[in-house]
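S.K.: One structure is given below, represented as structure tokens, and several questions about it will come after.
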Amino acid sequence: MDSVLDIILSSIRMATPLWFAAMGGLLAERSGVVNLALEGLMLIGAFTGAAVAYNMGSPVIGFIAAGAAGALLAILFGFFTLTLKGDQVVIGMGINLLSAGLTPFLNKYFFHVTSSTPSLSIDQRFVYGPTLFAFGLIVSVSFWLRRSVSGLWVRVAGEHPTALASAGIRVKRVRWAAVIFSGVFAGFGGATMSTMLASAFSRQMTAGAGFMAIAALILGRWAPLPTALGCFLFGLTDSIQIRLQGQLTGADSAWLLQLIQLGPYIVTLFVLAGAIRSSSTPKALGEN
Amino acid sequence: MAFEKNLRSLTRPLSALILGAFVSAILIRIVGESPWKVAEIFYNGAMGSAYDLGLSLFYTVPLILTGLAVSVGLRARLFNIGVEGQLTVAALAAALAGIWGPQDVILNRVLGFAAALLGGFLWGAILGYLKARRQAHEVVAGIMLNFIAYGITSWLALNFFKNPDSQNPETIPLIDAVRIPAWSYFQSAPIGWHVLLAPLAAMLLWGFYRWTEAGWAMEAVGENPKAAREAGLSIAQKQFWALAMGGMIAGIVGFIEVYGNSGKFIVGFSPAYGFMGIAVALVGRLHPFGIILSAALFGAIHKGSLDLDFETEWITRDFAQILQAVLILFMSCATLVPAGIQNRWEGLKRRLYGQRP
Amino acid sequence: MSQIKLRGIHKRYGDCISNADVNLDVRKGTIQGILGENGAGKSTAMKILYGLIEPDGGEIWIDGVERKLKSPHDAKALGIGMLHQHFMLSEAQNVIENIVLGQEPTHPALAFLPLALRALKLGDARSRLDMLMREHGLPVDLDARISDLSVGARQRVEILRLLYIDARILILDEPTAVLTPQEVGRFFIQLRALADQGKTILIVTHKLKELMAITDSITIFRAGKTITTVDTKDTDADQLAMLMIGSRLETVKNRHDVTRSAELALEIEELELNKTAPRRCTLNLRRGEILGIAGVEGNGQHELVEALRHPSEFLKHHKVKVLKFMDQDVRHWKTAQMVETGLGCIPADRHEEGLLLARNAVQNFILGHQNQNSFRAGPFIRWSAVRRATEEGMASCAVVPKKLDLELSRFSGGNQQKLIFAREIHHRPKLLIAFHPTRGVDIGAINLIHKKLLELRAEGLAILLISSELDEILALSDRIAVLENFAIAKTFDGGACDETALGLAMTGAQEGGQHGL
């Protein structure tokens, strides 16, 4: 029984960054903006979180800084998609590439190496703070989306933007706000990776987590609670994978290790193949 | 008219390049280096000698192919991010065919080439199936397939075909006879006749879109899927082929790597050719010949950036990635001038010329 | 004094001038009609008045004060409300959320927060809406999702919204397009009552009869300009038509003098158009016959065309007893096969379904006919043959400008439609589906298309004419079938039928008075 509880707890830990990112993705996508930049937003958050936590000696400040860094990059994303009307998918991937190039560049500038930030001590790291915060965030997003004025705006912006404009509300402003907040949340997700799950930022450490968050969003049909469950599924795969790795230490089974590491990616692929796009997809998703 | 149109299609890539260079120069300044010095390093690194030029060409060739592969997807309005995985699988397939195949030079090469095409096709076809038949998001699925391709190929290579004589993560080498000899002009840079495969592919693709029904249909599906459906074209079928064909083109990279360069499958041989293909395709405006030009540019940038690690204190090869990203951003927005400023400009023009509509 | 005054409004999009010089005066408490052909600039002018489009120049005066309307927000603040031709309702949300959008009632305890962050409090809105619904006879279920509502109910929601925001000036853009003649009558009674309460109403339409019935005065638009405003009581439909098109309307009419062949082109028996509908659709169509399909939009027109265009796909999810085209069982056929056997189709929405707007005329002329033998040599397209065909097609249907290499988006709507028409008849089809064949095109193109349809029918073509313009159906059809609730409610002989009879059949006899507004 203990081991089941262990697995669940570790799944929750592993799912935490995904929860942040997925809530960020949910915000953007419900407002009609495809945000494939989540991966890059997380990466810059992971770097900023670890770097600031190291320099300031406080994970909380690092966490906040990560949100700000995510917001900054999200503003760039918004500028190219909303102001210059670029293709959201391509711009999203461009932002990912930018983040992938910028993080080692900054790492080198601040810490003289490109590979990783210096390792954080225990008191510079989180134990479970972000997880609790993520719980709160999921519940609030869920309520906010259904019960608040701006939640209604965001929903209509993603479904029928001209209806929103015609009701006298500026669609662009709503989308801008959604995009910026999605950057903040994704930044939080990245910081969770580098200051809670790991003890430093390392090169390309997000390893597809941003895309898994999007897969969870598709699986959860763009609704907060089911999306969070989808993230948990990925967390579960991850923690099982890690557990199996721990048990397969013998030389005979070393060859299996690599395959087991692919577990989360394969699960994501099956999720994508199984979750056929439904009527709950925001109708105006991806339109300019 | 035609000349004017060509000129107009060049303005966007050129302005994006200028903006990209400008942004890079600012970043370089910020970290306290001299942009001129970096430019010089780029220039010398890319074409300082015949050998450097050869290496630039060496990077250009795969970029032409991945750029073409990405462009085939984009013309059908699909973002084929899985090119990286496709060329990885193709390279392993080529290496295995080379190891196992008949040791006759011609047969072995033909088999290796076919295996590379097939490997790339297969990995592209999986993505195509997921997109066309299961409506999976092609970007997310493509990323996942890249991770899986990397994992599976290195697992296969290292557990079953590992080179016992080497510490590096690589497979048993092909026999020397089947490897394509390098031309002497570029000194020891691995440039042989195989590099002609890339412009050949570009030419074939150009003809494909210009003359064949299948090419026309693939673009029609991308431009207006609803109208294409009304016209009796199967959207799913065209989407599948756009991704699978992209995989096949990417597969040639695998053949070139194995037969033209290393003679074996090396884990992680690709410096992200597949991702660079996105910028190449966009800057080349999805036109096969434009892609050749932009691949040459990106090949030179990549080669030039490799020297940054040694010759500057703060700037590393990652810098090339930033430059690519900036170009992607500038190339893919509908306009480089925000609508508000545009309107004001139009208003100003009207006032200046005193036109009333 | 006029409540609304527009002076010299102009607006252009690139090369295309949408409004050249619009001047308008509307008195308070009156109903003013806005009449004009499609593309005359009516909708643009109304959108400018509602703040959705910013004009390039000109003045807008409301209640004697000059105003700049930068967004609908500004317009709403002045009490202007608009009922759009295409409903501005978000389908995934429910009725009440759509109604309060932009005027959200919030919890008073949260008033210190910015509006965006406050919680919704729908209770107050609900009681007010209940009252409005009773007062104006507009029943809707406030908690229903928009996607579950009928077209008529959606329009009630839109009107309810105008009442909810207490608009003083109502702009109605083609409000009757989705209503049957009987529903239109009831709708007009309600409009008159609103005007009597002091509301000012602008009603945009291209239907002359309706304007004569409801308005106090009528402003005529032609080519982006307001030509004149006339008092309704001093004018008649003929004069309006003259003003609208600048010349006398010459109408094409079926004289019922062609004997149709006995050969069936199309045979449909018990086709299920909608799973929840109680009845199925049965109809047949002979060669050399025009069968008009009348009906309120959303009663199965799209599904019928889907079934004929993509039988194998459609019948995966729907049942049918017999589906025969040119005497062949086509239940498992794909689109390409239907086209090759001789099915032509003018789609309802030419931009979405019929054209590649960024391509030239030649590239568009092959669309849908890419498998024609004359256009192909193995896997290759014979572009020279396609060019020749395009040239012929453009000449025969008078498409201008006659530039084969011009991007399709640069042609006017009428010429785009004529090009589609030319394309679809070029390969001598056996059956032509004409789905809203003249929607949004100028009178010249309408006449040409109507004339061609009658000619082709005389040559033995079977034509399925689906249209929301009853005039068009009455003028052209040999037989008229009324599609109501996904089944054929009644069939008439073309010569022996009028609008009232059609209208009655369109409402559905069994529901009678409860339908619609």
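To be explicit about the labels: the chains of the structure tokens are called A, B, and onward in the order shown, and within each one the residues are counted from 1, while ligands get numbers from 1 in the order they are shown.
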Check which residues of range 163-268 of chain B sit at most 12 Å from range 336-339 of chain C using only C-alpha atoms, and return one row each with the closest pair of atoms and their distance in Å to one decimal, ordered by chain and rising number, as CSV.
M.R.:
```
residue,atom,partner,partner_atom,distance
B:Ala228,CA,C:Ala336,CA,11.2
B:Arg229,CA,C:Ala336,CA,9.8
B:Glu230,CA,C:Ala336,CA,9.2
B:Ala231,CA,C:Ala336,CA,7.4
B:Gly232,CA,C:Ala336,CA,4.8
B:Leu233,CA,C:Ala336,CA,7.5
B:Ser234,CA,C:Ala336,CA,9.5
```
S.K.: Just to be explicit: take each residue in the selection above, keep C-alpha atoms, and write the result as a short mmCIF file (atom, residue, chain, number, x, y, z; two decimals), in the first residue's frame.
M.R.:
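The resulting file, result.cif, is shown below:
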```
data_model
loop_
_atom_site.label_atom_id
_atom_site.label_comp_id
_atom_site.auth_asym_id
_atom_site.auth_seq_id
_atom_site.Cartn_x
_atom_site.Cartn_y
_atom_site.Cartn_z
CA ALA B 228 -10.82 21.04 -51.70
CA ARG B 229 -13.27 18.66 -50.09
CA GLU B 230 -16.08 19.96 -52.27
CA ALA B 231 -13.79 19.35 -55.22
CA GLY B 232 -13.60 15.69 -54.29
CA LEU B 233 -10.07 15.78 -52.92
CA SER B 234 -9.48 13.72 -49.84
#
```
S.K.: Residues of range 58-270 of chain C in strand (DSSP E or B) according to DSSP, as a PyMOL selection string?
M.R.: chain C and resi 58-62+65-67+80-83+94+106+119-120+145+169-173+200-205+217-222+225-231+264-270
S.K.: With 10 Å as the limit and counting only C-alpha atoms, what residues in chain A lie close to chain C? Please list them as JSON, numbers by chain.
M.R.: {"A": [143, 144, 146, 147, 148, 149, 150, 151, 152, 153, 155, 156, 157, 158, 159, 160, 161, 162, 163, 164, 165, 166, 167, 168, 169, 170, 174, 279, 280, 281, 282, 283]}
S.K.: Residues of chain C within 7 Å of chain B, counting only C-alpha atoms - could you list those as a ChimeraX atom specification?
M.R.: /C:20,335-336,352-356,367-368,379-381
S.K.: What gap, in Å, lies between CA of Ile220 in chain C and CA of Gly36 in chain C?
M.R.: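 If I compute the distance from CA of Ile220 in chain C to CA of Gly36 in chain C, I get 5.8 Å.
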S.K.: Could the residues of chain A that have an atom at most 8 Å from chain B be listed as a tab-separated table, each with its closest atom pair and the distance in Å to one decimal, counting only C-alpha atoms and ordered by chain and ascending residue number?
M.R.:
```
residue	atom	partner	partner_atom	distance
A:Phe80	CA	B:Cys333	CA	6.3
A:Thr81	CA	B:Cys333	CA	7.1
A:Thr83	CA	B:Pro338	CA	5.8
A:Leu84	CA	B:Pro338	CA	5.4
A:Lys85	CA	B:Ala334	CA	5.4
A:Gly86	CA	B:Cys333	CA	3.3
A:Asp87	CA	B:Ser332	CA	6.2
A:Val89	CA	B:Phe79	CA	7.8
A:Val90	CA	B:Ser332	CA	6.8
A:Ile91	CA	B:Leu329	CA	5.6
A:Gly94	CA	B:Ala325	CA	4.9
A:Ile95	CA	B:Ala325	CA	6.7
A:Leu97	CA	B:Ala325	CA	5.5
A:Leu98	CA	B:Ala325	CA	5.0
A:Ser99	CA	B:Ile322	CA	7.9
A:Ala100	CA	B:Gln321	CA	7.5
A:Gly101	CA	B:Gln321	CA	5.0
A:Leu102	CA	B:Ile322	CA	6.3
A:Pro104	CA	B:Asp318	CA	6.9
A:Phe105	CA	B:Asp318	CA	6.6
A:Lys108	CA	B:Trp314	CA	6.5
A:Tyr109	CA	B:Trp314	CA	6.0
A:His112	CA	B:Trp314	CA	7.8
A:Gly208	CA	B:Ile143	CA	7.2
A:Phe211	CA	B:Val140	CA	5.6
A:Met212	CA	B:Val140	CA	7.6
A:Ile214	CA	B:Val140	CA	7.5
A:Ala215	CA	B:Val140	CA	7.0
A:Trp255	CA	B:Asn159	CA	6.5
A:Gln258	CA	B:Trp155	CA	6.4
A:Leu259	CA	B:Gly151	CA	6.8
A:Leu262	CA	B:Ile148	CA	6.2
A:Tyr265	CA	B:Met144	CA	5.4
A:Ile266	CA	B:Ile148	CA	7.2
A:Thr268	CA	B:Met144	CA	7.3
A:Leu269	CA	B:Ala141	CA	5.9
A:Leu272	CA	B:Ala136	CA	5.1
A:Ala273	CA	B:Arg134	CA	5.3
A:Gly274	CA	B:Arg134	CA	7.1
A:Ala275	CA	B:Ala136	CA	7.6
A:Ile276	CA	B:Gln135	CA	5.9
A:Arg277	CA	B:Gln135	CA	6.5
```
S.K.: Enumerate the residues of range 98-285 of chain A with a DSSP assignment of helix (DSSP H, G or I), computed from the backbone, and present them as JSON, numbers by chain.
M.R.: {"A": [98, 99, 100, 101, 102, 103, 104, 105, 106, 107, 108, 109, 110, 111, 122, 123, 124, 129, 130, 131, 132, 133, 134, 135, 136, 137, 138, 139, 140, 141, 142, 143, 144, 145, 146, 147, 149, 150, 151, 152, 153, 154, 155, 156, 157, 158, 159, 161, 162, 163, 164, 165, 166, 171, 172, 173, 174, 175, 176, 177, 178, 179, 180, 181, 182, 183, 184, 185, 186, 187, 188, 189, 190, 191, 192, 193, 194, 195, 196, 197, 209, 210, 211, 212, 213, 214, 215, 216, 217, 218, 219, 224, 225, 226, 227, 228, 229, 230, 231, 232, 233, 234, 235, 236, 237, 238, 239, 240, 241, 242, 243, 244, 245, 246, 247, 254, 255, 256, 257, 258, 259, 260, 261, 263, 264, 265, 266, 267, 268, 269, 270, 271, 272, 273, 274]}
S.K.: With a distance cut-off of 6 Å and only C-alpha atoms, select the neighbouring residues of range 433-450 of chain C, excluding the residue or stretch itself and same-chain residues fewer than 5 positions from it, and output the selection as a list in words.
M.R.: Asn38, Cys345, Ile346, Pro347, Ala348, Gly413, Gly414, Ile463, Leu464, Leu465, Ile466 and Ser467 of chain C
S.K.: Got time to write the residues from that selection, N, CA and C atoms, as a PDB file, in the first residue's frame?
M.R.:
```
ATOM      1  N   ASN C  38     -26.868  43.949 -53.237  1.00  0.00           N
ATOM      2  CA  ASN C  38     -25.734  43.421 -52.487  1.00  0.00           C
ATOM      3  C   ASN C  38     -24.476  44.137 -52.937  1.00  0.00           C
ATOM      4  N   CYS C 345     -21.989  21.483 -59.205  1.00  0.00           N
ATOM      5  CA  CYS C 345     -22.531  22.084 -57.993  1.00  0.00           C
ATOM      6  C   CYS C 345     -22.050  23.511 -57.814  1.00  0.00           C
ATOM      7  N   ILE C 346     -23.000  24.418 -57.651  1.00  0.00           N
ATOM      8  CA  ILE C 346     -22.657  25.778 -57.247  1.00  0.00           C
ATOM      9  C   ILE C 346     -22.855  25.812 -55.743  1.00  0.00           C
ATOM     10  N   PRO C 347     -21.779  25.912 -54.985  1.00  0.00           N
ATOM     11  CA  PRO C 347     -21.916  25.800 -53.534  1.00  0.00           C
ATOM     12  C   PRO C 347     -22.551  27.038 -52.913  1.00  0.00           C
ATOM     13  N   ALA C 348     -23.066  26.863 -51.703  1.00  0.00           N
ATOM     14  CA  ALA C 348     -23.781  27.950 -51.049  1.00  0.00           C
ATOM     15  C   ALA C 348     -22.846  29.114 -50.729  1.00  0.00           C
ATOM     16  N   GLY C 413     -17.722  39.879 -56.582  1.00  0.00           N
ATOM     17  CA  GLY C 413     -18.510  38.718 -56.179  1.00  0.00           C
ATOM     18  C   GLY C 413     -19.300  38.122 -57.331  1.00  0.00           C
ATOM     19  N   GLY C 414     -19.916  38.981 -58.130  1.00  0.00           N
ATOM     20  CA  GLY C 414     -20.710  38.500 -59.249  1.00  0.00           C
ATOM     21  C   GLY C 414     -19.858  37.740 -60.255  1.00  0.00           C
ATOM     22  N   ILE C 463     -31.903  20.374 -62.893  1.00  0.00           N
ATOM     23  CA  ILE C 463     -31.368  21.389 -61.979  1.00  0.00           C
ATOM     24  C   ILE C 463     -32.096  21.347 -60.648  1.00  0.00           C
ATOM     25  N   LEU C 464     -31.304  21.250 -59.596  1.00  0.00           N
ATOM     26  CA  LEU C 464     -31.861  21.315 -58.253  1.00  0.00           C
ATOM     27  C   LEU C 464     -31.551  22.708 -57.724  1.00  0.00           C
ATOM     28  N   LEU C 465     -32.567  23.535 -57.649  1.00  0.00           N
ATOM     29  CA  LEU C 465     -32.366  24.936 -57.286  1.00  0.00           C
ATOM     30  C   LEU C 465     -32.762  25.131 -55.827  1.00  0.00           C
ATOM     31  N   ILE C 466     -31.774  25.393 -54.993  1.00  0.00           N
ATOM     32  CA  ILE C 466     -32.052  25.594 -53.572  1.00  0.00           C
ATOM     33  C   ILE C 466     -31.780  27.043 -53.263  1.00  0.00           C
ATOM     34  N   SER C 467     -32.760  27.748 -52.735  1.00  0.00           N
ATOM     35  CA  SER C 467     -32.558  29.174 -52.539  1.00  0.00           C
ATOM     36  C   SER C 467     -33.467  29.682 -51.438  1.00  0.00           C
TER      37      SER C 467
END
```
S.K.: Quick one: everything within 9 Å of Ala134 in chain A, counting only C-alpha atoms, minus sequence neighbours fewer than 6 positions away in the same chain. Send it as a PyMOL selection string.
M.R.: chain A and resi 16-17+19-20
S.K.: Have a look at CA of Asp141 in chain C and CA of Ile80 in chain C and let me know their distance in Å, one decimal.
M.R.: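 So the answer is 25.4 Å.
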S.K.: Could you name the residues that touch Glu392 in chain C at 12 Å or less, counting only C-alpha atoms, but leaving out those on the same chain fewer than 5 positions away, as a VMD selection string?
M.R.: chain C and resid 361 to 362 365 385 to 387 397 to 399 402 404 419 422 to 423 425 to 427
S.K.: Tell me which protein, DNA and RNA residues are within 12 Å of Gly185 in chain C, counting only C-alpha atoms, leaving out same-chain ones fewer than 4 positions away, and put them as a PyMOL selection string.
M.R.: chain C and resi 176+179-181+189-192+209-211+213-214+500+503+513+516-517
S.K.: Given the choices B:Gly20, B:Pro181, B:Gly85, B:Gly101, which gets closest to Tyr273 in chain B if the distance is worked out from only C-alpha atoms?
M.R.: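 Closest to Tyr273 in chain B of all the choices is B:Gly85.
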S.K.: Which residues are close to Gly54 in chain B, i.e. within 8 Å by only C-alpha atoms, leaving aside same-chain residues fewer than 3 positions away? Reply as a PDB file with C-alpha atoms, in the first residue's frame.
M.R.:
```
ATOM      1  CA  ALA B  50      38.223  26.063 -49.273  1.00  0.00           C
ATOM      2  CA  TYR B  51      37.917  23.695 -46.342  1.00  0.00           C
ATOM      3  CA  LEU B  57      28.419  23.368 -48.040  1.00  0.00           C
ATOM      4  CA  PHE B  58      28.408  20.227 -45.943  1.00  0.00           C
ATOM      5  CA  PHE B 186      37.330  21.104 -50.595  1.00  0.00           C
ATOM      6  CA  GLN B 187      40.356  19.446 -49.031  1.00  0.00           C
ATOM      7  CA  ALA B 189      35.580  18.274 -46.234  1.00  0.00           C
ATOM      8  CA  PRO B 190      33.195  15.397 -46.978  1.00  0.00           C
ATOM      9  CA  ILE B 191      31.751  16.741 -50.198  1.00  0.00           C
TER      10      ILE B 191
END
```
S.K.: Nearest residue to Val179 in chain A out of A:Ser11, A:Asn107, A:Gln88, A:Ser58, using only C-alpha atoms?
M.R.: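 Closest to Val179 in chain A of all the choices is A:Gln88.
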S.K.: Name the closest residue to Pro264 in chain A among the candidates A:Val34, A:Ala15, A:Leu5, A:Ala22; distances are taken between atoms, counting only C-alpha atoms.
M.R.: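 Among the listed residues, the smallest separation from Pro264 in chain A belongs to A:Ala15.
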S.K.: So the first atom is CA of Val33 in chain A and the second is CA of Leu285 in chain A; what is the distance between them in Å, to one decimal place?
M.R.: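 Pair CA of Val33 in chain A / CA of Leu285 in chain A returns 5.7 Å.
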